[in-house]
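Q: This one is final04.cif, mmCIF, C-alpha atoms.
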data_target
loop_
_atom_site.label_atom_id
_atom_site.label_comp_id
_atom_site.auth_asym_id
_atom_site.auth_seq_id
_atom_site.Cartn_x
_atom_site.Cartn_y
_atom_site.Cartn_z
CA MET Y 267 -261.49 70.90 100.32
CA ARG Y 268 -261.35 74.57 99.44
CA THR Y 269 -257.86 74.83 97.97
CA PRO Y 270 -258.03 74.75 94.17
CA ILE Y 271 -256.35 71.70 92.65
CA ALA Y 272 -254.36 73.97 90.35
CA TYR Y 273 -252.36 75.29 93.32
CA PHE Y 274 -251.04 71.81 94.03
CA LEU Y 275 -250.19 71.29 90.37
CA VAL Y 276 -248.31 74.60 90.20
CA LEU Y 277 -246.43 73.74 93.41
CA SER Y 278 -245.52 70.40 91.86
CA GLY Y 279 -244.32 72.17 88.70
CA ILE Y 280 -242.17 74.59 90.72
CA LEU Y 281 -240.58 71.76 92.70
CA PHE Y 282 -239.95 69.83 89.49
CA SER Y 283 -238.22 72.83 87.89
CA ILE Y 284 -236.04 73.33 90.97
CA GLY Y 285 -235.06 69.66 90.73
CA THR Y 286 -234.23 70.12 87.04
CA VAL Y 287 -232.03 73.11 87.79
CA GLY Y 288 -230.34 71.07 90.52
CA VAL Y 289 -229.49 68.26 88.12
CA LEU Y 290 -228.07 70.76 85.63
CA VAL Y 291 -226.16 73.00 88.03
CA ARG Y 292 -224.65 70.82 90.73
CA ARG Y 293 -221.61 68.62 90.20
CA ASN Y 294 -221.69 66.56 93.38
CA ALA Y 295 -223.19 63.24 92.26
CA LEU Y 296 -225.03 62.84 95.57
CA VAL Y 297 -226.73 66.23 95.29
CA ILE Y 298 -227.65 65.51 91.67
CA PHE Y 299 -229.24 62.30 92.91
CA MET Y 300 -231.17 64.20 95.59
CA SER Y 301 -232.44 66.56 92.88
CA VAL Y 302 -233.72 63.56 90.94
CA GLU Y 303 -235.56 62.47 94.09
CA LEU Y 304 -237.07 65.96 94.30
CA GLN Y 305 -238.32 65.62 90.73
CA LEU Y 306 -239.84 62.19 91.38
CA ASN Y 307 -241.52 63.58 94.45
CA ALA Y 308 -242.95 66.56 92.59
CA VAL Y 309 -244.49 64.24 90.01
CA ASN Y 310 -245.97 62.11 92.83
CA LEU Y 311 -247.62 65.23 94.20
CA SER Y 312 -249.24 65.96 90.85
CA LEU Y 313 -250.43 62.33 90.59
CA VAL Y 314 -252.11 62.53 93.99
CA ALA Y 315 -253.62 65.91 93.08
CA PHE Y 316 -255.10 64.47 89.89
CA ALA Y 317 -256.43 61.49 91.86
CA ARG Y 318 -258.23 63.95 94.14
CA MET Y 319 -259.54 65.95 91.20
CA HIS Y 320 -261.00 62.98 89.36
CA GLY Y 321 -262.15 61.14 92.49
CA ASP Y 322 -260.18 58.08 91.40
CA LEU Y 323 -257.67 56.17 93.51
CA THR Y 324 -255.57 55.06 90.51
CA GLY Y 325 -253.41 58.17 90.82
CA GLN Y 326 -252.57 57.32 94.42
CA ILE Y 327 -251.71 53.73 93.40
CA LEU Y 328 -249.41 55.09 90.70
CA ALA Y 329 -247.73 57.40 93.21
CA PHE Y 330 -247.29 54.42 95.51
CA PHE Y 331 -245.61 52.38 92.76
CA SER Y 332 -243.41 55.31 91.87
CA MET Y 333 -242.25 55.49 95.50
CA ILE Y 334 -241.31 51.80 95.38
CA VAL Y 335 -239.39 52.27 92.15
CA ALA Y 336 -237.70 55.35 93.62
CA ALA Y 337 -236.59 53.31 96.63
CA ALA Y 338 -235.09 50.62 94.36
CA GLU Y 339 -233.46 53.31 92.23
CA VAL Y 340 -231.90 55.01 95.26
CA VAL Y 341 -230.39 51.72 96.46
CA VAL Y 342 -228.77 50.95 93.10
CA GLY Y 343 -227.73 54.55 92.46
CA LEU Y 344 -226.06 54.96 95.83
CA ALA Y 345 -224.26 51.63 95.36
CA ILE Y 346 -222.94 52.91 92.02
CA ILE Y 347 -221.82 56.16 93.64
CA VAL Y 348 -220.03 54.20 96.37
CA ALA Y 349 -218.32 52.00 93.75
CA VAL Y 350 -217.24 55.06 91.72
CA PHE Y 351 -215.98 56.78 94.87
CA ARG Y 352 -213.86 53.74 95.74
CA ARG Y 353 -212.15 53.92 92.36
CA ARG Y 354 -211.49 57.63 92.06
CA HIS Y 355 -212.01 59.08 95.57
CA SER Y 356 -214.34 61.77 94.31
CA VAL Y 357 -218.05 62.15 93.67
CA ASP Y 358 -217.55 65.11 91.33
CA VAL Y 359 -219.24 64.15 88.05
CA ASP Y 360 -216.67 66.24 86.14
CA ALA Y 361 -213.89 64.01 87.42
CA ALA Y 362 -215.15 61.01 85.46
CA ARG Y 363 -213.76 61.87 82.05
CA GLU Y 364 -212.06 58.76 80.73
CA LEU Y 365 -214.48 58.61 77.82
CA ALA Y 366 -214.07 62.29 76.94
CA GLY Y 367 -212.68 62.82 73.43
CA MET I 190 -259.93 81.56 105.26
CA PRO I 191 -260.62 77.83 105.52
CA LEU I 192 -258.18 75.65 107.38
CA ASP I 193 -256.83 73.67 104.44
CA ASN I 194 -256.03 76.91 102.62
CA VAL I 195 -254.06 78.08 105.63
CA VAL I 196 -252.16 74.77 105.80
CA PHE I 197 -251.40 74.95 102.09
CA TRP I 198 -250.08 78.50 102.25
CA VAL I 199 -247.95 77.66 105.28
CA PHE I 200 -246.36 74.51 103.86
CA ALA I 201 -246.05 75.35 100.14
CA PRO I 202 -243.60 78.25 100.69
CA ILE I 203 -241.61 76.13 103.15
CA SER I 204 -241.33 73.31 100.63
CA VAL I 205 -240.18 75.64 97.84
CA ALA I 206 -237.70 77.38 100.18
CA ALA I 207 -236.34 74.02 101.32
CA ALA I 208 -235.92 72.91 97.70
CA VAL I 209 -234.03 76.11 96.87
CA GLY I 210 -231.96 75.62 100.02
CA MET I 211 -231.09 72.12 98.87
CA LEU I 212 -229.77 73.59 95.62
CA THR I 213 -227.71 76.35 97.12
CA ARG I 214 -226.03 74.57 100.04
CA ARG I 215 -222.50 73.49 99.17
CA ASN I 216 -222.42 70.93 101.99
CA ALA I 217 -224.09 67.68 100.89
CA ILE I 218 -225.38 66.92 104.41
CA HIS I 219 -227.11 70.30 104.62
CA ALA I 220 -228.65 69.66 101.21
CA ALA I 221 -229.94 66.28 102.43
CA LEU I 222 -231.50 67.85 105.53
CA PHE I 223 -233.22 70.50 103.39
CA LEU I 224 -234.57 67.70 101.22
CA VAL I 225 -236.04 66.04 104.34
CA VAL I 226 -237.90 69.28 105.13
CA ASN I 227 -239.20 69.37 101.57
CA LEU I 228 -240.38 65.75 101.73
CA PHE I 229 -242.25 66.44 104.97
CA CYS I 230 -244.02 69.42 103.39
CA VAL I 231 -245.04 67.30 100.39
CA ALA I 232 -246.33 64.67 102.85
CA VAL I 233 -248.57 67.35 104.39
CA MET I 234 -249.86 68.13 100.88
CA TYR I 235 -250.86 64.45 100.56
CA LEU I 236 -252.86 64.84 103.76
CA LEU I 237 -254.65 67.86 102.28
CA LEU I 238 -255.41 65.81 99.18
CA ASP I 239 -257.17 63.07 101.20
CA ALA I 240 -254.32 60.55 100.87
CA PRO I 241 -253.38 59.76 104.49
CA PHE I 242 -251.85 56.40 103.54
CA LEU I 243 -249.41 58.03 101.14
CA PHE I 244 -248.71 60.64 103.82
CA ALA I 245 -247.52 57.87 106.14
CA VAL I 246 -245.61 56.05 103.38
CA GLN I 247 -243.95 59.30 102.35
CA ILE I 248 -242.67 59.95 105.86
CA VAL I 249 -241.62 56.37 106.59
CA VAL I 250 -240.11 55.48 103.22
CA TYR I 251 -238.86 58.79 101.85
CA ALA I 252 -238.09 61.00 104.81
CA GLY I 253 -237.12 57.97 106.88
CA ALA I 254 -235.48 55.18 104.93
CA ILE I 255 -234.27 56.88 101.75
CA MET I 256 -232.88 59.97 103.42
CA VAL I 257 -231.14 57.88 106.09
CA LEU I 258 -229.55 55.93 103.25
CA PHE I 259 -228.42 59.21 101.66
CA LEU I 260 -226.99 60.57 104.91
CA PHE I 261 -225.33 57.23 105.59
CA VAL I 262 -223.59 57.23 102.21
CA ILE I 263 -222.57 60.90 102.54
CA MET I 264 -220.98 60.22 105.91
CA LEU I 265 -219.50 56.89 104.78
CA LEU I 266 -217.76 58.55 101.85
CA GLY I 267 -216.79 61.61 103.87
CA VAL I 268 -217.77 63.92 101.04
CA ASP I 269 -219.25 66.68 103.20
CA ARG I 270 -216.48 69.02 102.09
CA GLY I 271 -218.72 70.64 99.50
CA ASP I 272 -217.99 71.00 95.80
CA ASP I 273 -215.92 73.74 94.34
CA LEU I 274 -218.06 76.39 92.74
CA LYS I 275 -215.76 77.22 89.86
CA GLU I 276 -217.79 77.36 86.68
CA ARG I 277 -216.29 75.05 84.09
CA LEU I 278 -218.77 75.54 81.28
CA LEU I 279 -219.39 79.03 79.98
CA ALA I 280 -222.76 80.45 81.13
CA GLN I 281 -224.10 76.98 81.90
CA ARG I 282 -225.55 77.93 85.29
CA PRO I 283 -227.45 81.08 84.25
CA LEU I 284 -228.83 79.18 81.27
CA ALA I 285 -229.94 76.31 83.54
CA ILE I 286 -231.71 78.72 85.90
CA VAL I 287 -233.45 80.45 82.99
CA LEU I 288 -234.50 77.04 81.68
CA GLY I 289 -235.88 76.04 85.10
CA ALA I 290 -237.86 79.25 85.43
CA GLY I 291 -239.17 78.69 81.91
CA VAL I 292 -240.33 75.17 82.74
CA ALA I 293 -242.10 76.41 85.90
CA LEU I 294 -243.79 79.21 83.95
CA GLU I 295 -244.81 76.81 81.19
CA ILE I 296 -246.35 74.35 83.67
CA THR I 297 -248.24 77.20 85.35
CA LEU I 298 -249.63 78.42 82.03
CA ALA I 299 -250.56 74.87 81.02
CA VAL I 300 -252.42 74.35 84.31
CA ARG I 301 -254.19 77.67 83.83
CA ALA I 302 -255.23 76.78 80.30
CA GLY I 303 -256.15 73.23 81.25
CA ILE I 304 -258.18 73.37 84.45
CA GLY I 305 -257.98 76.99 85.61
CA PHE I 306 -257.17 78.40 89.02
CA SER I 307 -260.68 78.41 90.40
CA GLU I 308 -261.58 74.75 89.86
CA ARG I 309 -262.01 72.96 93.15
CA ALA I 310 -262.24 69.21 93.50
CA ALA I 311 -265.70 67.89 94.19
CA PRO I 312 -266.35 67.42 97.91
CA GLY I 313 -267.20 64.02 99.36
CA PHE I 314 -263.98 62.25 98.36
CA ALA I 315 -263.58 60.96 101.92
CA GLU I 316 -267.13 59.54 101.96
CA SER I 317 -267.34 58.05 98.47
CA VAL I 318 -263.92 57.03 97.15
CA ASN I 319 -262.23 56.67 100.52
CA ALA I 320 -265.22 54.84 101.99
CA GLY I 321 -264.14 52.69 104.93
CA GLY I 322 -260.80 54.47 105.13
CA ASN I 323 -258.16 55.43 102.61
CA THR I 324 -255.93 52.43 103.39
CA GLN I 325 -258.79 49.96 102.89
CA ALA I 326 -259.87 51.68 99.68
CA LEU I 327 -256.31 51.64 98.33
CA ALA I 328 -255.94 47.97 99.26
CA ARG I 329 -259.13 47.13 97.35
CA VAL I 330 -257.72 48.71 94.19
CA LEU I 331 -254.14 47.51 94.72
CA PHE I 332 -254.95 43.85 95.36
CA ARG I 333 -257.54 43.54 92.61
CA GLU I 334 -256.70 45.57 89.51
CA TYR I 335 -253.01 46.11 90.28
CA PHE I 336 -252.09 42.79 91.87
CA LEU I 337 -249.62 41.65 89.18
CA PRO I 338 -247.70 44.97 89.13
CA PHE I 339 -247.60 44.82 92.92
CA GLU I 340 -245.97 41.38 92.81
CA ILE I 341 -243.52 42.55 90.16
CA THR I 342 -242.39 45.39 92.44
CA SER I 343 -241.35 42.81 95.04
CA VAL I 344 -239.14 41.16 92.40
CA LEU I 345 -237.77 44.61 91.57
CA LEU I 346 -236.87 45.28 95.20
CA ILE I 347 -235.06 41.94 95.51
CA ILE I 348 -233.12 42.65 92.32
CA ALA I 349 -232.21 46.10 93.67
CA ALA I 350 -230.99 44.64 96.96
CA ILE I 351 -228.83 42.06 95.18
CA ALA I 352 -227.53 44.70 92.76
CA ALA I 353 -226.52 46.95 95.65
CA MET I 354 -224.60 44.12 97.30
CA VAL I 355 -222.84 43.19 94.05
CA LEU I 356 -221.96 46.81 93.21
CA ALA I 357 -220.80 47.87 96.64
CA GLN I 358 -218.77 44.83 97.66
CA ARG I 359 -215.06 45.39 97.94
CA ARG I 360 -213.23 42.96 95.69
CA ALA I 361 -209.97 41.82 97.22
CA PRO I 362 -207.08 42.05 94.73
CA ALA I 363 -205.83 38.72 93.42
CA LEU I 364 -202.96 37.28 95.42
CA THR I 365 -199.53 37.08 93.82
CA GLN I 366 -197.61 33.81 93.80
CA ALA I 367 -195.22 35.09 96.51
CA GLU I 368 -198.15 35.90 98.82
CA ILE I 369 -199.63 32.42 98.26
CA ASP I 370 -196.29 30.82 99.15
CA ALA I 371 -196.05 32.96 102.29
CA LEU I 372 -199.57 31.88 103.23
CA ASP I 373 -198.67 28.16 102.88
CA VAL I 374 -195.58 28.60 105.05
CA SER I 375 -197.45 30.30 107.85
CA GLU I 376 -200.23 27.69 107.80
CA ALA I 377 -197.71 24.85 107.91
CA ASP I 378 -196.09 26.43 110.95
CA PRO I 379 -197.26 24.34 113.95
CA THR I 380 -196.90 27.21 116.45
#
Please express the file's structure as structure tokens.
A:
Amino acid sequence: MRTPIAYFLVLSGILFSIGTVGVLVRRNALVIFMSVELQLNAVNLSLVAFARMHGDLTGQILAFFSMIVAAAEVVVGLAIIVAVFRRRHSVDVDAARELAG
Amino acid sequence: MPLDNVVFWVFAPISVAAAVGMLTRRNAIHAALFLVVNLFCVAVMYLLLDAPFLFAVQIVVYAGAIMVLFLFVIMLLGVDRGDDLKERLLAQRPLAIVLGAGVALEITLAVRAGIGFSERAAPGFAESVNAGGNTQALARVLFREYFLPFEITSVLLIIAAIAAMVLAQRRAPALTQAEIDALDVSEADPT
């Protein structure tokens, strides 16, 4: 293993920032949701990198659990998006403004 | 240049480019396909980091199941028209991009200050920690120290499945009295 661990951590940081920008910039609820997945995935990468660095499998277990939670979160999130779409025929997050002052 | 360095420098730029592509595509299906590319590249990184089990789980669960779910919902809703790009908040997008670049820079500096760019993980991970295979080693940790959390995740998945069914079911509107009367008439009709 010749690649320095820091490279993986920096890659994970870059992917996380791109996901953050995606959540802030896009208005399609589905794409925002995909950006959240990208962020979760970036953090998983850093967990696995730290597991490799410390020679400890706990990081991989944590990444595994985070994948399970991400799967559950995707199921519920997509169901919410489908329910919202049925009501207002749009997935634009700016369209939901009933609570706006 | 050792092989794993080559693999890293091939797949890291692809993963970043795919992530940027996901952001910039207006079409939600194209964004989802770019995300699949990104997830595959991250899976390869897991392989480089001596985590072959997570590599397989990443491809099966993320790139397979979750992205199929995404594509299914996109096509079900028919929202592949793309969003309109009109900016509704003043300077929100440039500010968001500056913020993202700042976060990336900050993480890079923190990594540099924390462990430095020359630190390499100790060799022998495959022989010591992953002894007998990564899957077996993970199972030993998962089913001993983390057995209760593992069981709780199964409860979580069941709750998520039920929640999805409850949220996504189409509730039929309540019948009016006239409709109920019409129903009785048609049922009473012997033909």
Q: Take the point (-253.2, 77.7, 93.4) as written in the file and pick out every residue within 12 Å of it, counting all atoms listed in the file; give the list as a list in words.
A: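 The distance filter leaves exactly Arg268, Thr269, Pro270, Ile271, Ala272, Tyr273, Phe274, Leu275, Val276, Leu277, Ser278, Gly279, Ile280 and Ala315 of chain Y; Asn194, Phe197, Trp198, Ala201, Thr297, Leu298, Val300, Arg301, Ile304, Gly305, Phe306, Ser307, Glu308 and Arg309 of chain I.
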Q: Between I:Ala310, I:Cys230, I:Val344, I:Val287, single out the one closest to chain Y, counting only C-alpha atoms.
A: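 For chain Y, the nearest of the given residues is I:Ala310.
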Q: Of the candidates I:Ala328, I:Ala285, I:Leu364, I:Ala299, which one gets nearest to chain Y if we count only C-alpha atoms?
A: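 Going through I:Ala328, I:Ala285, I:Leu364, I:Ala299 one by one, the smallest distance to chain Y is for I:Ala285.
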Q: Would you kindly translate the PyMOL selection byres ((chain I and resi 355) around 12) into the concrete residues it picks from this file, as a list in words?
A: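 Listing what the PyMOL selection byres ((chain I and resi 355) around 12) selects in the shown file: Val341, Val342, Ala345, Ile346, Val348 and Ala349 of chain Y; Ile348, Ala349, Ala350, Ile351, Ala352, Ala353, Met354, Leu356, Ala357, Gln358, Arg359 and Arg360 of chain I.
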Q: Out of I:Gln281, I:Gln325, I:Thr342, I:Ser204, which residue has the shortest atom-to-atom distance to I:Val233 when counting only C-alpha atoms?
A: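 Ranking I:Gln281, I:Gln325, I:Thr342, I:Ser204 by distance to I:Val233, first place goes to I:Ser204.
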Q: Spell out the residues picked by the PyMOL selection byres ((chain Y and resi 299) around 10) here, as a PyMOL selection string.
A: (chain Y and resi 285+288-289+292+294-298+300-305+339-340+343-344+347) or (chain I and resi 259)
Q: Starting from the PyMOL selection byres ((chain Y and resi 360-364) around 10), expand the selection into actual residues of this file and give them as a list of chain:residue names.
A: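 Output from the PyMOL selection byres ((chain Y and resi 360-364) around 10), applied to this file: Y:Arg293, Y:Asn294, Y:Ala295, Y:Val350, Y:Arg354, Y:His355, Y:Ser356, Y:Val357, Y:Asp358, Y:Val359, Y:Leu365, Y:Ala366, Y:Gly367, I:Arg277.
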Q: For each of I:Val330, I:Leu238, I:Ala217, I:Ala293, take the minimum atom-to-atom distance to Y:Met319, counting only C-alpha atoms, then give the residue where this is smallest.
A: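 Smallest separation from Y:Met319 among the options: I:Leu238.
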Q: One decimal, in Å: what's the spacing between atom CA of Y:Asp322 and atom CA of I:Asp193?
A: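 Distance reported for this atom pair: 20.6 Å.
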Q: In terms of the shortest atom-to-atom distance over only C-alpha atoms, which of Y:Asn307, Y:Phe351, Y:Ala329, Y:Ser312 is closest to I:Val225?
A: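 Of the candidates, the smallest distance to I:Val225 is held by Y:Asn307.
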Q: When you look at stretch 208-211 of chain I with a cut-off of 8 Å (counting all atoms listed in the file), what residues show up, excluding the ones that are within fewer than 5 positions of it in the same chain? I need them as a PyMOL selection string.
A: (chain Y and resi 281+284-285+304) or (chain I and resi 219-224+227)
Q: Can you tell me, as AutoDock Vina command-line options, the centre and edge lengths (Å, one decimal) of the axis-aligned box enclosing all of stretch 282-292 of chain Y's listed atoms after padding each side by 3 Å?
A:
--center_x -232.3 --center_y 70.8 --center_z 88.3 --size_x 21.3 --size_y 11.1 --size_z 11.3
Q: Of the candidates Y:Leu306, Y:Leu313, Y:Ala337, Y:Ser332, which shows the shortest atom-to-atom distance to chain I, using all atoms listed in the file?
A: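 For chain I, the nearest of the candidates is Y:Ala337.
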Q: Can you work out the spacing between atom CA of I:Val199 and atom CA of I:Ala302 in Å, to one decimal?
A: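 About the pair atom CA of I:Val199 and atom CA of I:Ala302: they are 26.0 Å apart.
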Q: Calculate how many Å separate atom CA of I:Val246 from atom CA of I:Phe229, rounding to one decimal.
A: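 Going from atom CA of I:Val246 over to atom CA of I:Phe229 covers 11.0 Å.
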Q: Around the point (-233.4, 73.7, 81.6) (coordinates from the file), which residues reach within 8 Å if we count only C-alpha atoms? Answer as a PyMOL selection string.
A: (chain Y and resi 283+286-287+290) or (chain I and resi 284-289+291-292)
